Number of protein chains: 2
Amino acid sequence: MSTVDKQLEDVKATIDDEVPRHISVSDVTYEGPELVIYTRDPKEFAADGDLVRRLASKLRKRITVRPDPDVLTPPTRAEQDIRDLIPEEAGVTDLDFYEDTGEVVIQAQKPGVVIGRHGATLRDITREVGWTPEVVRTPPIESSTVDNVRNFLKQEREDRRDILERVGRQIHRDPMSNDEYVRITTLGCCREVGRAAFILSTPDTRILVDCGAKPGAESETPYLQIPEAFGAGANGIDAVVLTHAHLDHSALVPLLYEYGYDGPIYCTEPTRDLMGLLTLDYLDVAAKEGRNPPYGSEMVREAIKHTIPLEYGDVTDIAPDIKLTLHNAGHILGSSICHFHVGDGLYNVAFSGDIHYDDTRLFDGAVNDFPRVETLVLESTYGGKNDYQTDQDDSERKLKQIVQNAYDRDGKVLIPAFAVGRSQELMLVLEEAMREGDIPEMPIYLDGMIWEATAIHTTYPEYLRDSLRDRIFDADDNPFLADQFQHIDGGDDEREAVADGDSCIVLSTSGMVTGGPIMSWLEHLAPDPDSTITFVGYQASGTLGRRIQRGRNEIPIGGNGNGRSDSVTLDMNVETVDGFSGHADRQGLENFVRTMNPRPEKILCVHGDESATQDLSSSLYHDMNLRTFAPQNLETFRFR
Amino acid sequence: MSTVDKQLEDVKATIDDEVPRHISVSDVTYEGPELVIYTRDPKEFAADGDLVRRLASKLRKRITVRPDPDVLTPPTRAEQDIRDLIPEEAGVTDLDFYEDTGEVVIQAQKPGVVIGRHGATLRDITREVGWTPEVVRTPPIESSTVDNVRNFLKQEREDRRDILERVGRQIHRDPMSNDEYVRITTLGCCREVGRAAFILSTPDTRILVDCGAKPGAESETPYLQIPEAFGAGANGIDAVVLTHAHLDHSALVPLLYEYGYDGPIYCTEPTRDLMGLLTLDYLDVAAKEGRNPPYGSEMVREAIKHTIPLEYGDVTDIAPDIKLTLHNAGHILGSSICHFHVGDGLYNVAFSGDIHYDDTRLFDGAVNDFPRVETLVLESTYGGKNDYQTDQDDSERKLKQIVQNAYDRDGKVLIPAFAVGRSQELMLVLEEAMREGDIPEMPIYLDGMIWEATAIHTTYPEYLRDSLRDRIFDADDNPFLADQFQHIDGGDDEREAVADGDSCIVLSTSGMVTGGPIMSWLEHLAPDPDSTITFVGYQASGTLGRRIQRGRNEIPIGGNGNGRSDSVTLDMNVETVDGFSGHADRQGLENFVRTMNPRPEKILCVHGDESATQDLSSSLYHDMNLRTFAPQNLETFRFR
């Protein structure tokens, strides 16, 4: 008998002791980090509201109870019973019954209403029909990404259960080593921005944190080929943990499956969906630019199939000696600070991913309160000694002035913006400004992936700032559903019509004017001296965005395959409004560390250019007397 | 055609261009780091004294010329011709002809005389008989180790040529990577003394420097099992480089062959032989102490078979992008500072191994003059802020006084000593003292491996201090052949007779009184209040030596298998004389760095306990403004 089976026997014995005699336990297995208990008496299990919680606390595991298939009410009858139990206002749109696991997935506009107080309605459902309900939100704005992911996972259920069982056994294996150490190896994003990738290793376990591309330098990938990364094969790592979906953190995660990795990815649910959206676009862009995409789209599906979504605050076993907890990072939807508890009280490491410390319209500021943290791996994008951003209030005032001025001239405002994060923040600013009469009402056109990314945001309002979440729950007050927002889905004719029309605001990708629909908007709007192009995000050197900021007025257009390569002269006004960054600035980073509880012993300053990481490292050392480092790529630090 | 074969074709074309038409070149191959040129005209090759040097400089390779077998003078006639060419005073003792390579190995008491001025006699030999002469020294004191190694290598010639050819092709392969980096990974001996082991790595190459045991903590071995060491198999490394033969650097080198490694070991010839002696003894001791030896004695033979001996100063290609040069370290016979030149001018790293900076009687002080060194990995055994040793002159005076006092009481002096290094230093001190009349003449008995280790020293006088080497060349003045030195080879009866006899000095292993013949000497001499036990080396905590130093007077004896476990009371005088260490003290380490040319940019302080490495690191940083580190085990530092 393997050690995992032996351990399961022990777990089963404990469960048998704890569960009242009239409730049968037919089997106990691992599925990913969860312990699954099969019973012939699901209704009785559900009746004892506290039983699962008692078991979870005793076994220190996340527990799922599943009914044996033959004790279930047949789906047709069950469906009616379930619909009767759920209040009308929940807005149930779909019910899916899965006989293999006894689960029923309920899609509803208001999941909270389905769940009921402390899960009361869910328990009622099981008590009535035996099935285990799982609730997902019906996207208030239809999202093809969310639909595709959900349909794909439905279709791959069988494969996925095999994966989860394998991962579960891997997580719960016996530790092999008597040694004790905790190490971090830097595979990328040290003294640079891009290609985030770290390995957290103990004698028993190796975790890859992020695996990103380097925008603008696609040939510089994380050092996956070195012995301490994939030297002994891609399955030398136990798990991938993804802080958030931006491509400099996620783009090469699907590549791992091309390399033969077949383990899990842990991240939030929105990170999973956004990763799907952004990596598919990454492959598209690579193909359009004539680069060889590093992997095919089927690898994106593999990544999604292997993702085990976690919610903020869930403490999850991901290896025999490592527990992972994700915390809100305030940067983009689903972005996480990843906290690793190693051993039984041995050591704690937190990877910040990208963070925003102050609250924004979209998100609460990053969490910096942990049970324990000895080492913090901290992003330093704006860690340089002069990297202070304009206050967001001032930025908003400036943006509104720009809109007003353009309107007064009968012009338009064109804003190149990243699809995920900054666009939604701007949507909230503009919607409020119009609602409150600060600027005149006019259409706001959303082009590129912005509409789709917004749809994903509205699917996961739990990840948004409290007040915004509450507004989204109330369909009449969902700011993203405001009438001003118009989705450009008719191609270039529609753009031309808009450009020829009345005053309006256009948000379009790409955010650095390196391609995408923004090029088409420029072609139409560039000659108009009454209109304004407004930059709201960082423009990297080498991009057309940066060159326009610096005064270039010749815009290349065309390149539509017929060899034509014309240019148009830019007569628009050019404005820049900073202060909408998704990153903490220097002050924010310092505040994050200064108010962090507990204060870490060591900080590795990463994800910033050389001077930013060294400035931040040196300042945190001098001001707060912490042991700080500005690592290079390819180094290994030992902490215990 | 493989890239190596292609490269050999190019080399052959260059040789054909350079070699005069009347000299044929029949084949060109690699053997280890050397390029071997086969010719049907060995005599003509030898006649042009400068041709080989011109080729070597043009090709930047070490070159060996071999005759095609069928052009050689038959051995019987050749032997007479060779003996006629070599001056009588060379003292030729043996000639061995190897038809496979056309080599004749000449063993002589005075190799220098065989070689002649700038190798003139060697060239005469080839010109006369075609054979390529190789000269080795007839040990002035017969050494079973040297005999065994030479006979073993003779018997394994065929295997060894295969190994060398394989290694040669490996060294001269084309580099694969476009990346550039230089890294050191610490596998042991950081913040501790023992289990020395480092990996020097570039994108193309990985070198293991040392692989030692930790005396007194045998279960703490180097971290070979981590991914960046042998994670992808033992042949993930290209070469082993051994600084010196002490067990804390060498003991686990043979284990690598047990793990499947089949690459080369680079070290000096005396290091190879001493490693053979010491590792076989290590296995013996493990067996006697009831521990499971980590490998069998056949692995020691594998290690010897795979050793490619280098001389101090030879610049040798050991990988496509790494050249190795060994320099005298002044610590023990054959001990080396290993200097690695990486890439074509990219970076230079020196590993100090163990060093003694000042001259001793046996050795010149460590070399600290290099073409370039950016990073130095420096031993710190005596790096602590109070680690100053007594001046050797004072120590010698004290030792002589102890001998005189014992003699005056008709007593004896018992000195526990390490076989390799300290014993020979003391032999020189005592021999001179008697010769100069500072102490009375009396026998000096050598017990344990000391005699054999001394024999190995006399086999390689090139590695000893100039003045000592000259004395050894002159048999009448070889201090190790002085009449006082007597080899204990008659077992315990002989020891008892000596103990019952007149005043004398006994040098015996083990150096820390942890076993070996010293136990028998103690049994006989412990009750004698006229005799003195004198410690001359570091006594580690937990050893009987340390306990005697601290006043313990009950000595366990027996344990001869019949269950008897008696003890005897120690009535001898107990003295300690420091100042004979093989290690630089704190002052020596600082002087080594201060006068080093060029001054390195970075220093890693290793091979010392935690406070010693941190003291030294901090002091070198503050006093000399160098970037210094006191690494932990399991870390990786990147330098380029």
# chains A, B, ... in the order shown; residues from 1 in each chain; ligands from 1

$ select_by_dssp --residues "region 456-596 of chain A" --states "strand (DSSP E or B)" --output "NGL selection string"
:A and (485-487 or 505-508 or 532-535 or 554-556 or 567-569 or 573-576)

$ write_last_selection --atoms "C-alpha atoms" --output "PDB file, in the first residue's frame"
ATOM      1  CA  PHE A 485     -20.553  52.573 -23.265  1.00  0.00           C
ATOM      2  CA  GLN A 486     -20.713  51.260 -26.794  1.00  0.00           C
ATOM      3  CA  HIS A 487     -18.948  48.197 -28.039  1.00  0.00           C
ATOM      4  CA  ILE A 505     -14.460  59.354 -26.270  1.00  0.00           C
ATOM      5  CA  VAL A 506     -12.701  56.286 -27.683  1.00  0.00           C
ATOM      6  CA  LEU A 507     -10.809  53.762 -25.541  1.00  0.00           C
ATOM      7  CA  SER A 508      -8.850  51.393 -27.715  1.00  0.00           C
ATOM      8  CA  THR A 532      -6.885  64.947 -28.591  1.00  0.00           C
ATOM      9  CA  ILE A 533      -4.935  61.753 -28.102  1.00  0.00           C
ATOM     10  CA  THR A 534      -4.438  61.154 -24.384  1.00  0.00           C
ATOM     11  CA  PHE A 535      -1.948  58.730 -22.893  1.00  0.00           C
ATOM     12  CA  GLU A 554       4.164  61.204 -38.781  1.00  0.00           C
ATOM     13  CA  ILE A 555       2.024  58.139 -38.221  1.00  0.00           C
ATOM     14  CA  PRO A 556       2.569  55.051 -40.388  1.00  0.00           C
ATOM     15  CA  SER A 567       1.784  57.702 -43.415  1.00  0.00           C
ATOM     16  CA  VAL A 568      -0.528  60.379 -42.125  1.00  0.00           C
ATOM     17  CA  THR A 569       0.373  63.586 -40.343  1.00  0.00           C
ATOM     18  CA  ASN A 573      -3.465  67.535 -29.559  1.00  0.00           C
ATOM     19  CA  VAL A 574      -1.224  65.185 -27.541  1.00  0.00           C
ATOM     20  CA  GLU A 575      -1.743  64.926 -23.785  1.00  0.00           C
ATOM     21  CA  THR A 576      -0.466  62.633 -21.050  1.00  0.00           C
TER      22      THR A 576
END

$ residues_around --residues "region 283-295 of chain A" --least-positions-apart "2" --cutoff "6 Å" --atoms "only C-alpha atoms" --output "PyMOL selection string"
chain A and resi 255+280-281

$ write_last_selection --atoms "N, CA, C and O atoms" --output "PDB file, in the first residue's frame"
ATOM      1  N   LEU A 255       3.330  27.385 -22.189  1.00  0.00           N
ATOM      2  CA  LEU A 255       4.527  26.741 -22.753  1.00  0.00           C
ATOM      3  C   LEU A 255       4.993  25.570 -21.887  1.00  0.00           C
ATOM      4  O   LEU A 255       5.554  24.593 -22.389  1.00  0.00           O
ATOM      5  N   LEU A 280      -4.150  33.900 -25.544  1.00  0.00           N
ATOM      6  CA  LEU A 280      -4.618  33.676 -26.920  1.00  0.00           C
ATOM      7  C   LEU A 280      -4.333  34.899 -27.785  1.00  0.00           C
ATOM      8  O   LEU A 280      -3.906  34.781 -28.929  1.00  0.00           O
ATOM      9  N   ASP A 281      -4.539  36.090 -27.194  1.00  0.00           N
ATOM     10  CA  ASP A 281      -4.223  37.308 -27.929  1.00  0.00           C
ATOM     11  C   ASP A 281      -2.724  37.409 -28.194  1.00  0.00           C
ATOM     12  O   ASP A 281      -2.287  37.838 -29.263  1.00  0.00           O
TER      13      ASP A 281
END

$ interface_residues --of "chain A" --to "chain B" --cutoff "9 Å" --atoms "only C-alpha atoms" --output "PyMOL selection string"
chain A and resi 181+183+185+203+226-233+236+632-638

$ write_last_selection --atoms "N, CA, C and O atoms" --output "tab-separated table (two decimals), in the first residue's frame"
chain	number	residue	atom	x	y	z
A	181	TYR	N	15.43	23.20	4.30
A	181	TYR	CA	15.88	24.48	3.75
A	181	TYR	C	14.77	25.10	2.92
A	181	TYR	O	13.83	24.42	2.48
A	183	ARG	N	14.50	27.96	-0.26
A	183	ARG	CA	15.32	28.73	-1.19
A	183	ARG	C	14.46	29.39	-2.27
A	183	ARG	O	13.38	28.91	-2.59
A	185	THR	N	15.06	30.76	-6.23
A	185	THR	CA	15.93	30.90	-7.40
A	185	THR	C	15.27	31.86	-8.37
A	185	THR	O	14.08	31.75	-8.64
A	203	PRO	N	13.59	20.83	0.35
A	203	PRO	CA	14.13	19.53	-0.04
A	203	PRO	C	13.07	18.66	-0.74
A	203	PRO	O	13.41	17.85	-1.59
A	226	ILE	N	17.85	26.00	-17.14
A	226	ILE	CA	18.96	25.71	-16.22
A	226	ILE	C	18.60	24.52	-15.34
A	226	ILE	O	17.43	24.21	-15.15
A	227	PRO	N	19.63	23.84	-14.82
A	227	PRO	CA	19.37	22.60	-14.08
A	227	PRO	C	18.37	22.78	-12.93
A	227	PRO	O	17.52	21.92	-12.71
A	228	GLU	N	18.46	23.90	-12.22
A	228	GLU	CA	17.59	24.05	-11.07
A	228	GLU	C	16.16	24.40	-11.46
A	228	GLU	O	15.29	24.45	-10.61
A	229	ALA	N	15.91	24.66	-12.76
A	229	ALA	CA	14.53	24.86	-13.22
A	229	ALA	C	14.04	23.53	-13.81
A	229	ALA	O	13.62	22.66	-13.07
A	230	PHE	N	14.16	23.38	-15.12
A	230	PHE	CA	13.63	22.18	-15.75
A	230	PHE	C	14.73	21.22	-16.19
A	230	PHE	O	14.51	20.37	-17.05
A	231	GLY	N	15.93	21.37	-15.57
A	231	GLY	CA	17.06	20.52	-15.96
A	231	GLY	C	16.73	19.04	-15.91
A	231	GLY	O	17.19	18.26	-16.73
A	232	ALA	N	15.93	18.65	-14.93
A	232	ALA	CA	15.59	17.23	-14.81
A	232	ALA	C	14.19	16.97	-15.37
A	232	ALA	O	13.53	16.01	-15.00
A	233	GLY	N	13.75	17.83	-16.29
A	233	GLY	CA	12.43	17.63	-16.89
A	233	GLY	C	11.41	18.57	-16.27
A	233	GLY	O	11.56	19.04	-15.15
A	236	GLY	N	9.86	18.17	-12.81
A	236	GLY	CA	10.63	18.39	-11.60
A	236	GLY	C	10.00	19.44	-10.70
A	236	GLY	O	10.41	19.61	-9.57
A	632	GLN	N	20.13	39.44	-8.98
A	632	GLN	CA	20.23	39.28	-10.42
A	632	GLN	C	19.44	38.03	-10.80
A	632	GLN	O	19.14	37.19	-9.96
A	633	ASN	N	19.14	37.90	-12.09
A	633	ASN	CA	18.60	36.63	-12.55
A	633	ASN	C	19.63	35.53	-12.31
A	633	ASN	O	20.82	35.79	-12.28
A	634	LEU	N	19.15	34.30	-12.14
A	634	LEU	CA	20.04	33.13	-12.07
A	634	LEU	C	20.74	32.99	-10.73
A	634	LEU	O	21.75	32.31	-10.65
A	635	GLU	N	20.23	33.64	-9.70
A	635	GLU	CA	20.83	33.46	-8.39
A	635	GLU	C	19.90	32.62	-7.51
A	635	GLU	O	18.72	32.49	-7.78
A	636	THR	N	20.48	32.05	-6.46
A	636	THR	CA	19.67	31.32	-5.49
A	636	THR	C	19.98	31.84	-4.10
A	636	THR	O	21.14	31.94	-3.71
A	637	PHE	N	18.91	32.19	-3.37
A	637	PHE	CA	19.02	32.68	-2.01
A	637	PHE	C	18.48	31.61	-1.06
A	637	PHE	O	17.43	31.04	-1.30
A	638	ARG	N	19.19	31.39	0.01
A	638	ARG	CA	18.71	30.43	0.99
A	638	ARG	C	18.24	31.18	2.22
A	638	ARG	O	18.92	32.10	2.68

$ residues_around --residues "Thr458 (chain A)" --least-positions-apart "3" --cutoff "12 Å" --atoms "only C-alpha atoms" --output "ChimeraX atom specification"
/A:109-110,137-143,146,270,333,362,424,451-455,461-465,468-475,478-481

$ atom_distance --atom1 "CA of Ile304 (chain B)" --atom2 "CA of Ala217 (chain B)"
25.8 Å

$ atom_distance --atom1 "CA of Ala497 (chain B)" --atom2 "CA of Asp571 (chain B)"
19.6 Å

$ residues_around --residues "Pro20 (chain A)" --least-positions-apart "2" --cutoff "12 Å" --atoms "only C-alpha atoms" --output "count of residues only"
16

$ residues_around --residues "region 490-495 of chain A" --least-positions-apart "6" --cutoff "9 Å" --atoms "only C-alpha atoms" --output "PyMOL selection string"
chain A and resi 517+520-521+524

$ residues_around --residues "Val135 (chain A)" --least-positions-apart "6" --cutoff "7 Å" --atoms "only C-alpha atoms" --output "PyMOL selection string"
chain A and resi 105-107+111

$ write_last_selection --atoms "N, CA and C atoms" --output "PDB file, in the first residue's frame"
ATOM      1  N   VAL A 105     -24.446  22.254 -11.174  1.00  0.00           N
ATOM      2  CA  VAL A 105     -23.920  23.612 -11.274  1.00  0.00           C
ATOM      3  C   VAL A 105     -25.075  24.551 -11.590  1.00  0.00           C
ATOM      4  N   ILE A 106     -25.284  25.502 -10.713  1.00  0.00           N
ATOM      5  CA  ILE A 106     -26.388  26.449 -10.842  1.00  0.00           C
ATOM      6  C   ILE A 106     -25.810  27.791 -11.276  1.00  0.00           C
ATOM      7  N   GLN A 107     -26.202  28.230 -12.472  1.00  0.00           N
ATOM      8  CA  GLN A 107     -25.736  29.536 -12.930  1.00  0.00           C
ATOM      9  C   GLN A 107     -26.841  30.538 -12.655  1.00  0.00           C
ATOM     10  N   PRO A 111     -25.633  34.956  -7.324  1.00  0.00           N
ATOM     11  CA  PRO A 111     -25.225  33.725  -6.634  1.00  0.00           C
ATOM     12  C   PRO A 111     -25.473  33.797  -5.132  1.00  0.00           C
TER      13      PRO A 111
END

$ residues_around --residues "Trp131 (chain B)" --least-positions-apart "5" --cutoff "10 Å" --atoms "only C-alpha atoms" --output "list in words"
Pro42, Lys43, Val65, Arg66, Pro67, Asp68, Pro69, Val71, Leu72, Thr73, Pro74, Pro75, Ala78, Ile82, Phe97, Tyr98, Glu99, Thr101, Gly102, Glu103, Val104, Val105, Leu122, Arg123, Ile125 and Thr126 of chain B

$ write_last_selection --atoms "C-alpha atoms" --output "compact mmCIF listing (two decimals), in the first residue's frame"
# COMPACT_ATOMS: atom_id res chain seq x y z
CA PRO B 42 59.00 11.00 -35.48
CA LYS B 43 62.72 11.46 -35.85
CA VAL B 65 53.65 13.84 -31.10
CA ARG B 66 53.35 10.07 -31.50
CA PRO B 67 55.07 7.85 -34.01
CA ASP B 68 53.11 5.37 -36.11
CA PRO B 69 53.91 1.98 -34.52
CA VAL B 71 58.34 3.08 -37.82
CA LEU B 72 59.73 2.43 -34.32
CA THR B 73 63.05 0.80 -33.49
CA PRO B 74 62.23 -2.56 -31.81
CA PRO B 75 62.19 -2.22 -28.00
CA ALA B 78 65.85 0.83 -28.57
CA ILE B 82 68.31 4.94 -24.92
CA PHE B 97 57.78 0.43 -23.90
CA TYR B 98 54.12 1.00 -24.95
CA GLU B 99 53.64 0.01 -28.56
CA THR B 101 51.25 4.95 -28.26
CA GLY B 102 54.93 4.69 -29.14
CA GLU B 103 55.80 5.90 -25.66
CA VAL B 104 58.69 4.73 -23.51
CA VAL B 105 58.39 5.49 -19.80
CA LEU B 122 64.51 13.65 -24.86
CA ARG B 123 64.64 14.94 -28.41
CA ILE B 125 66.10 9.84 -27.88
CA THR B 126 63.22 10.33 -30.30
